[in-house]
Amino acid sequence: MPEKFQLPKLTFWKAALVLIALTGLYATFVRFAQGLGASTNLSDEFPWGIWVGFDVLCGVMLAAGGFTLTATVYIFNLERFRPIVRPTVLTAFLGYSLVCVALLFDLGRSYRIWHPLVMWNPRSVLFEVGWCVTLYTTVLALEFAPVVFERLQLERPRRILRGISIPLVIAGVMLSTLHQSSLGSLYLIVPQKLHPFWYSPLLPVFFFISAIAVGLAMTIFESSMTSKHFGKQLELPLLRELGRILAVVLLVYTVLRTQDLYHRGALKLVLQPSYETWLFLLEVLLGLAAPIVLLLIPRVRQAAGGLYLAAVLTLLGFITNRLNVSTTGMETSAGMHYVPKWTELAVTASIIAVGFAAFALAAKHLPIFSNHTGAPPEAGSRRSKAIFVEKKEEGVLVGR
Amino acid sequence: MSKSILYDATLCINCKQCEVACAEQNKLPYNETIAAEQKQSAHKFTVVLESAAADGKFMRKLCMNCADPTCVSVCPVGAFTKTAAGPVVYDETKCMGCRYCMLACPFGVPKYEWDKALPLVRKCDMCADRVSAGRPTACTEACPTGATIFGERETLIAEAQKRIKEKPDQYVNHVYGVEEVGGTSVLLLSSVPFEQFGYRSDLMHDPLPMLTYRVLARIPDLVGLGGMLLGGIWWITNRRAEVAAAEAPVRAHEEK
Ligand code: SF4
Ligand code: SF4
């Protein structure tokens, strides 16, 4: 593997990265030296802002590709998706690690972040989320470790992890199911505070289904990005298939969400123009209507660009959804508007930047992408069944 | 049985003696500026609100010390406890500052020390140390008119209902806190609708923790079922591969 230092070609992005990092460092200083009051626009009326709404809720959601894809490949045995497992698990692992970092910023007393592990309150949704996220981050680390061991040529630990790969994957899927939905359950306790567009007894179900949709969209998005920036070939047939599944998941979500709104009598609120109506429509347009329409047009669904667009729209739509649930949907009951302070934005931007940089580093130095990327297209996927069997004997936990 | 506070707004004269006593009890600063503040905060656990119409109507706010408190149920580290005597107390050595209690409390009671580098949640704890020693709360002791009184919850509810019955034209026909979110240890009487002072009238009569408990209680079942299901699917899907693998040499043999 060539490890010579190359002159970076993305100079603009590097410069932007440095700038974001510097601002972020200063914001970090303000946060820890002066506290949450000085570094955020949070208040007694509005105790949770974008560090929870974006960094935690969206962070966990965007990392959902990890469990979606490991389940596809290992549980449902759809071997053809194996080439994209590694980058997806890497993204998930980075995502969860960064969620933990974001929590350090948001918690008033960060140094007590471990308290839920020893001070139990099983009646608390947040307690459950804390445990699941901790355990799942560990599972992701173990799922990704074989890649590192492979690079370091450590055969023994690699073999040990291979032995427990299936239980690990099952644990990961269970833990994800639990906390992805529980992030929605967090808001079950505020029936009077959250606007009826978003408050629903089905919140955990919606959060879970949308996590699957976002996991798929994120995988498409990521494959397109990496093919662009790391010169890897695009796994187009695979992405097409993912696009099809994404369309189905989105449709299921749409039907369920509409039924729920209708039964709760909230559907007619769409006709009354209000702050919440616009935000709700934005969310529906970006995350549901546009991607579904795009994915149902065969010409769009077949093209790399079309898939990419549909994926990005889905991501934006559900980011809007999470922000609506956590911040904007609460504004009316709080009797105020919440606009994040520059420090909040700077920290969030830095965390995102760190995520991108870490991914780029890992992609450069670790065997993330399979060698036979994009090798035999469609025709191969069916014929190569016999090869799978062999491959699995010597397979590693995460793809090959 | 558990203790409660009954506040009868029709007897209140806005002397703010309860505010003074509360500040003293909790070692909080108190001066004219703070006296004029019309909201609860990390340095003001109870407040006497004046109605916006300035028509001589008042209303107190303090932690309701709920019977099945939302704060107790949501806190991931169990920093809040409902004591048998009534008060809901906070253990500051546990709190990690997630502020879920602030988001969840239906009365918006827990407040945060936003200006501190290492903040804590602050709220009225119904003078837990006094109550456990058999004494009334500081605010009841300080109240000169008997607008705030202290006693057994059952006794106070009966007293409140009696007052409404005797002077129905003086009171809204509702003792706030008897049924709201499953009942609270603070009971309120008023001559004007409680909403005017920001008390919600749309609270359910079941404790809010029910809402999340219903979902959380399913988790153990879900884990068992899900684990089995996923394991089963894996076993089935891999069976095909195994069969193919096992058959390959046999077939090769047969072909010879
Ligand atoms: S009013 Fe709020 S803070 Fe007080 S006991 Fe009830 S839930 Fe807890
Ligand atoms: S802020 Fe403290 S007391 Fe409130 S829920 Fe979080 S850990 Fe518990």
# chains A, B, ... in the order shown; residues from 1 in each chain; ligands from 1

$ interface_residues --of "chain A" --to "chain B" --cutoff "7 Å" --atoms "only C-alpha atoms" --output "PyMOL selection string"
chain A and resi 32-38+44+47+75-77+107-110+112-113+115-116+119-121+123-127+170+174+185+188-190+389

$ atom_distance --atom1 "atom CA of A:Thr254" --atom2 "atom CA of A:Thr328"
21.0 Å

$ residues_around --residues "B:Leu189" --least-positions-apart "3" --cutoff "9 Å" --atoms "only C-alpha atoms" --output "VMD selection string"
chain B and resid 6 to 10 59 160 164 171 to 176 194

$ select_by_dssp --residues "stretch 14-250 of chain B" --states "alpha helix (DSSP H)" --output "PyMOL selection string"
chain B and resi 17-25+32-36+70-74+100-104+128-132+138-142+153-166+209-216+219-250

$ write_last_selection --atoms "C-alpha atoms" --output "mmCIF file, in the first residue's frame"
data_model
loop_
_atom_site.group_PDB
_atom_site.id
_atom_site.type_symbol
_atom_site.label_atom_id
_atom_site.label_comp_id
_atom_site.auth_asym_id
_atom_site.auth_seq_id
_atom_site.Cartn_x
_atom_site.Cartn_y
_atom_site.Cartn_z
ATOM 1 C CA GLN B 17 -43.273 35.894 52.424
ATOM 2 C CA CYS B 18 -43.224 32.380 50.953
ATOM 3 C CA GLU B 19 -40.621 33.488 48.422
ATOM 4 C CA VAL B 20 -38.468 34.974 51.188
ATOM 5 C CA ALA B 21 -38.749 31.866 53.349
ATOM 6 C CA CYS B 22 -38.000 29.602 50.386
ATOM 7 C CA ALA B 23 -34.851 31.536 49.487
ATOM 8 C CA GLU B 24 -33.683 31.338 53.100
ATOM 9 C CA GLN B 25 -34.423 27.623 53.390
ATOM 10 C CA GLU B 32 -35.883 43.441 45.200
ATOM 11 C CA THR B 33 -34.815 42.475 41.729
ATOM 12 C CA ILE B 34 -35.371 38.805 42.417
ATOM 13 C CA ALA B 35 -38.665 39.576 44.133
ATOM 14 C CA ALA B 36 -39.847 41.232 40.926
ATOM 15 C CA THR B 70 -42.227 12.389 35.374
ATOM 16 C CA CYS B 71 -38.800 13.601 36.465
ATOM 17 C CA VAL B 72 -38.243 10.450 38.539
ATOM 18 C CA SER B 73 -39.116 8.236 35.598
ATOM 19 C CA VAL B 74 -37.120 10.013 32.890
ATOM 20 C CA TYR B 100 -34.264 15.352 30.026
ATOM 21 C CA CYS B 101 -36.107 16.117 33.272
ATOM 22 C CA MET B 102 -36.519 19.732 32.146
ATOM 23 C CA LEU B 103 -37.868 18.660 28.796
ATOM 24 C CA ALA B 104 -40.233 16.115 30.296
ATOM 25 C CA ALA B 128 -37.735 17.429 52.356
ATOM 26 C CA ASP B 129 -35.498 17.736 55.408
ATOM 27 C CA ARG B 130 -38.127 19.671 57.384
ATOM 28 C CA VAL B 131 -40.992 17.406 56.288
ATOM 29 C CA SER B 132 -39.095 14.242 57.186
ATOM 30 C CA ALA B 138 -40.820 26.899 55.115
ATOM 31 C CA CYS B 139 -43.389 28.586 52.874
ATOM 32 C CA THR B 140 -46.394 27.335 54.859
ATOM 33 C CA GLU B 141 -44.805 28.453 58.093
ATOM 34 C CA ALA B 142 -44.163 31.902 56.652
ATOM 35 C CA ARG B 153 -53.061 15.013 51.389
ATOM 36 C CA GLU B 154 -56.503 13.468 52.047
ATOM 37 C CA THR B 155 -57.342 16.073 54.676
ATOM 38 C CA LEU B 156 -56.311 18.924 52.423
ATOM 39 C CA ILE B 157 -58.313 17.616 49.465
ATOM 40 C CA ALA B 158 -61.389 17.371 51.697
ATOM 41 C CA GLU B 159 -60.748 20.883 52.984
ATOM 42 C CA ALA B 160 -60.393 22.257 49.465
ATOM 43 C CA GLN B 161 -63.587 20.594 48.298
ATOM 44 C CA LYS B 162 -65.389 21.949 51.354
ATOM 45 C CA ARG B 163 -64.274 25.490 50.543
ATOM 46 C CA ILE B 164 -65.533 25.199 46.972
ATOM 47 C CA LYS B 165 -68.829 23.819 48.194
ATOM 48 C CA GLU B 166 -69.315 26.574 50.761
ATOM 49 C CA PRO B 209 -44.501 7.818 32.948
ATOM 50 C CA MET B 210 -47.156 5.374 31.739
ATOM 51 C CA LEU B 211 -46.566 6.678 28.218
ATOM 52 C CA THR B 212 -42.985 5.494 28.079
ATOM 53 C CA TYR B 213 -43.393 2.553 30.402
ATOM 54 C CA ARG B 214 -45.879 0.934 28.052
ATOM 55 C CA VAL B 215 -43.179 0.855 25.388
ATOM 56 C CA LEU B 216 -40.213 0.030 27.619
ATOM 57 C CA ILE B 219 -38.372 -4.588 25.343
ATOM 58 C CA PRO B 220 -37.551 -7.882 27.098
ATOM 59 C CA ASP B 221 -40.122 -9.689 24.945
ATOM 60 C CA LEU B 222 -38.818 -7.943 21.864
ATOM 61 C CA VAL B 223 -35.246 -8.978 22.595
ATOM 62 C CA GLY B 224 -36.185 -12.614 23.041
ATOM 63 C CA LEU B 225 -38.378 -12.738 20.007
ATOM 64 C CA GLY B 226 -36.096 -10.669 17.792
ATOM 65 C CA GLY B 227 -32.992 -12.622 18.706
ATOM 66 C CA MET B 228 -34.743 -15.874 17.924
ATOM 67 C CA LEU B 229 -36.144 -14.538 14.680
ATOM 68 C CA LEU B 230 -32.836 -13.152 13.426
ATOM 69 C CA GLY B 231 -30.967 -16.275 14.442
ATOM 70 C CA GLY B 232 -33.611 -18.358 12.695
ATOM 71 C CA ILE B 233 -33.451 -16.379 9.501
ATOM 72 C CA TRP B 234 -29.688 -16.681 9.509
ATOM 73 C CA TRP B 235 -29.926 -20.422 10.035
ATOM 74 C CA ILE B 236 -32.386 -20.814 7.181
ATOM 75 C CA THR B 237 -30.552 -18.632 4.696
ATOM 76 C CA ASN B 238 -27.240 -20.260 5.487
ATOM 77 C CA ARG B 239 -28.704 -23.718 5.267
ATOM 78 C CA ARG B 240 -28.919 -23.255 1.505
ATOM 79 C CA ALA B 241 -25.253 -22.432 1.280
ATOM 80 C CA GLU B 242 -24.389 -25.363 3.513
ATOM 81 C CA VAL B 243 -26.423 -27.742 1.424
ATOM 82 C CA ALA B 244 -24.752 -26.491 -1.723
ATOM 83 C CA ALA B 245 -21.371 -26.940 -0.120
ATOM 84 C CA ALA B 246 -22.181 -30.421 1.116
ATOM 85 C CA GLU B 247 -23.597 -31.518 -2.176
ATOM 86 C CA ALA B 248 -20.728 -30.281 -4.277
ATOM 87 C CA PRO B 249 -18.272 -33.156 -3.498
ATOM 88 C CA VAL B 250 -21.087 -35.738 -3.625
#

$ select_by_dssp --residues "stretch 65-132 of chain B" --states "strand (DSSP E)" --output "PyMOL selection string"
chain B and resi 80-82+88-90+111-112+121-122

$ atom_distance --atom1 "atom CA of A:Ile20" --atom2 "atom CA of A:Asn321"
25.8 Å

$ residues_around --residues "B:Val88" --least-positions-apart "6" --cutoff "10 Å" --atoms "only C-alpha atoms" --output "PyMOL selection string"
chain B and resi 63-69+71-72+80-82+123-128+185

$ write_last_selection --atoms "all heavy atoms" --output "tab-separated table (two decimals), in the first residue's frame"
chain	number	residue	atom	x	y	z
B	63	CYS	N	-42.61	23.37	42.65
B	63	CYS	CA	-42.65	21.99	42.16
B	63	CYS	C	-43.89	21.33	42.72
B	63	CYS	O	-44.18	21.44	43.90
B	63	CYS	CB	-41.40	21.23	42.59
B	63	CYS	SG	-41.50	19.47	42.22
B	64	MET	N	-44.62	20.62	41.85
B	64	MET	CA	-45.87	20.00	42.28
B	64	MET	C	-45.62	18.73	43.09
B	64	MET	O	-46.55	18.17	43.65
B	64	MET	CB	-46.74	19.67	41.06
B	64	MET	CG	-47.06	20.87	40.18
B	64	MET	SD	-48.09	22.09	41.01
B	64	MET	CE	-49.69	21.30	40.94
B	65	ASN	N	-44.40	18.27	43.13
B	65	ASN	CA	-44.06	17.05	43.87
B	65	ASN	C	-45.07	15.93	43.58
B	65	ASN	O	-45.72	15.38	44.48
B	65	ASN	CB	-43.95	17.35	45.36
B	65	ASN	CG	-42.74	18.23	45.67
B	65	ASN	OD1	-41.63	17.74	45.80
B	65	ASN	ND2	-42.94	19.55	45.75
B	66	CYS	N	-45.17	15.63	42.30
B	66	CYS	CA	-46.14	14.67	41.78
B	66	CYS	C	-46.11	13.33	42.51
B	66	CYS	O	-45.08	12.92	43.05
B	66	CYS	CB	-45.86	14.39	40.30
B	66	CYS	SG	-45.64	15.85	39.30
B	67	ALA	N	-47.24	12.64	42.47
B	67	ALA	CA	-47.33	11.32	43.10
B	67	ALA	C	-46.51	10.28	42.33
B	67	ALA	O	-45.80	9.48	42.92
B	67	ALA	CB	-48.79	10.88	43.16
B	68	ASP	N	-46.59	10.32	41.01
B	68	ASP	CA	-45.77	9.45	40.17
B	68	ASP	C	-45.02	10.38	39.22
B	68	ASP	O	-45.41	10.59	38.08
B	68	ASP	CB	-46.65	8.47	39.38
B	68	ASP	CG	-45.83	7.44	38.61
B	68	ASP	OD1	-44.59	7.58	38.55
B	68	ASP	OD2	-46.43	6.51	38.06
B	69	PRO	N	-43.92	10.96	39.69
B	69	PRO	CA	-43.32	12.10	38.98
B	69	PRO	C	-42.66	11.71	37.66
B	69	PRO	O	-42.00	10.68	37.56
B	69	PRO	CB	-42.26	12.61	39.96
B	69	PRO	CG	-42.53	11.93	41.26
B	69	PRO	CD	-43.21	10.64	40.92
B	71	CYS	N	-40.25	13.42	36.32
B	71	CYS	CA	-38.80	13.60	36.47
B	71	CYS	C	-38.15	12.33	37.00
B	71	CYS	O	-37.08	11.94	36.56
B	71	CYS	CB	-38.49	14.80	37.36
B	71	CYS	SG	-39.23	14.69	39.00
B	72	VAL	N	-38.80	11.68	37.97
B	72	VAL	CA	-38.24	10.45	38.54
B	72	VAL	C	-38.12	9.39	37.45
B	72	VAL	O	-37.12	8.68	37.37
B	72	VAL	CB	-39.13	9.94	39.70
B	72	VAL	CG1	-38.67	8.56	40.15
B	72	VAL	CG2	-39.12	10.91	40.86
B	80	PHE	N	-33.65	11.64	40.76
B	80	PHE	CA	-34.83	12.06	41.51
B	80	PHE	C	-35.46	10.88	42.23
B	80	PHE	O	-35.49	9.76	41.71
B	80	PHE	CB	-35.88	12.67	40.58
B	80	PHE	CG	-35.50	14.01	40.04
B	80	PHE	CD1	-35.12	14.14	38.71
B	80	PHE	CD2	-35.53	15.15	40.84
B	80	PHE	CE1	-34.77	15.38	38.20
B	80	PHE	CE2	-35.19	16.39	40.33
B	80	PHE	CZ	-34.80	16.50	39.01
B	81	THR	N	-36.01	11.14	43.40
B	81	THR	CA	-36.71	10.11	44.16
B	81	THR	C	-37.97	10.72	44.77
B	81	THR	O	-37.93	11.84	45.27
B	81	THR	CB	-35.85	9.59	45.33
B	81	THR	OG1	-34.51	9.48	44.90
B	81	THR	CG2	-36.36	8.25	45.83
B	82	LYS	N	-39.05	9.97	44.70
B	82	LYS	CA	-40.27	10.39	45.39
B	82	LYS	C	-40.20	9.78	46.79
B	82	LYS	O	-40.16	8.55	46.93
B	82	LYS	CB	-41.50	9.88	44.65
B	82	LYS	CG	-42.83	10.07	45.37
B	82	LYS	CD	-43.34	11.49	45.22
B	82	LYS	CE	-44.69	11.67	45.94
B	82	LYS	NZ	-45.12	13.08	45.94
B	123	LYS	N	-34.57	22.76	41.91
B	123	LYS	CA	-36.02	22.85	42.03
B	123	LYS	C	-36.42	22.77	43.49
B	123	LYS	O	-35.64	22.33	44.34
B	123	LYS	CB	-36.71	21.73	41.24
B	123	LYS	CG	-36.66	20.37	41.93
B	123	LYS	CD	-37.59	19.40	41.26
B	123	LYS	CE	-37.79	18.15	42.11
B	123	LYS	NZ	-38.64	18.34	43.28
B	124	CYS	N	-37.66	23.16	43.78
B	124	CYS	CA	-38.24	23.02	45.10
B	124	CYS	C	-38.33	21.54	45.45
B	124	CYS	O	-38.75	20.73	44.63
B	124	CYS	CB	-39.63	23.64	45.08
B	124	CYS	SG	-40.85	22.86	46.15
B	125	ASP	N	-37.92	21.18	46.66
B	125	ASP	CA	-38.04	19.77	47.06
B	125	ASP	C	-39.01	19.64	48.24
B	125	ASP	O	-38.91	18.71	49.03
B	125	ASP	CB	-36.69	19.16	47.39
B	125	ASP	CG	-36.06	19.78	48.62
B	125	ASP	OD1	-36.60	20.78	49.14
B	125	ASP	OD2	-35.03	19.26	49.08
B	126	MET	N	-39.93	20.58	48.32
B	126	MET	CA	-40.95	20.57	49.37
B	126	MET	C	-40.30	20.45	50.74
B	126	MET	O	-40.81	19.77	51.62
B	126	MET	CB	-41.94	19.41	49.13
B	126	MET	CG	-43.37	19.73	49.50
B	126	MET	SD	-44.43	18.33	49.06
B	126	MET	CE	-45.29	18.07	50.58
B	127	CYS	N	-39.18	21.14	50.91
B	127	CYS	CA	-38.45	21.14	52.19
B	127	CYS	C	-38.33	19.74	52.76
B	127	CYS	O	-38.69	19.48	53.93
B	127	CYS	CB	-39.13	22.07	53.19
B	127	CYS	SG	-39.20	23.78	52.65
B	128	ALA	N	-37.78	18.84	51.96
B	128	ALA	CA	-37.73	17.43	52.36
B	128	ALA	C	-37.16	17.22	53.75
B	128	ALA	O	-37.66	16.40	54.51
B	128	ALA	CB	-36.94	16.63	51.33
B	185	SER	N	-48.61	16.47	45.04
B	185	SER	CA	-48.60	16.81	46.47
B	185	SER	C	-48.82	18.29	46.70
B	185	SER	O	-48.78	18.76	47.83
B	185	SER	CB	-47.27	16.39	47.10
B	185	SER	OG	-47.21	14.99	47.16

$ atom_distance --atom1 "atom CA of B:Asp206" --atom2 "atom CA of B:Gly182"
4.8 Å

$ closest_residue --among "A:Gly317, A:Gly53, A:Pro83, A:Gly95" --to "A:Val354" --atoms "only C-alpha atoms"
A:Gly95

$ closest_residue --among "B:Val186, B:Asp91, B:Arg60, B:Phe107" --to "B:Ser201" --atoms "only C-alpha atoms"
B:Phe107

$ closest_residue --among "B:Thr83, B:Val178, B:Lys16, B:Lys57" --to "B:Asn31" --atoms "only C-alpha atoms"
B:Lys16
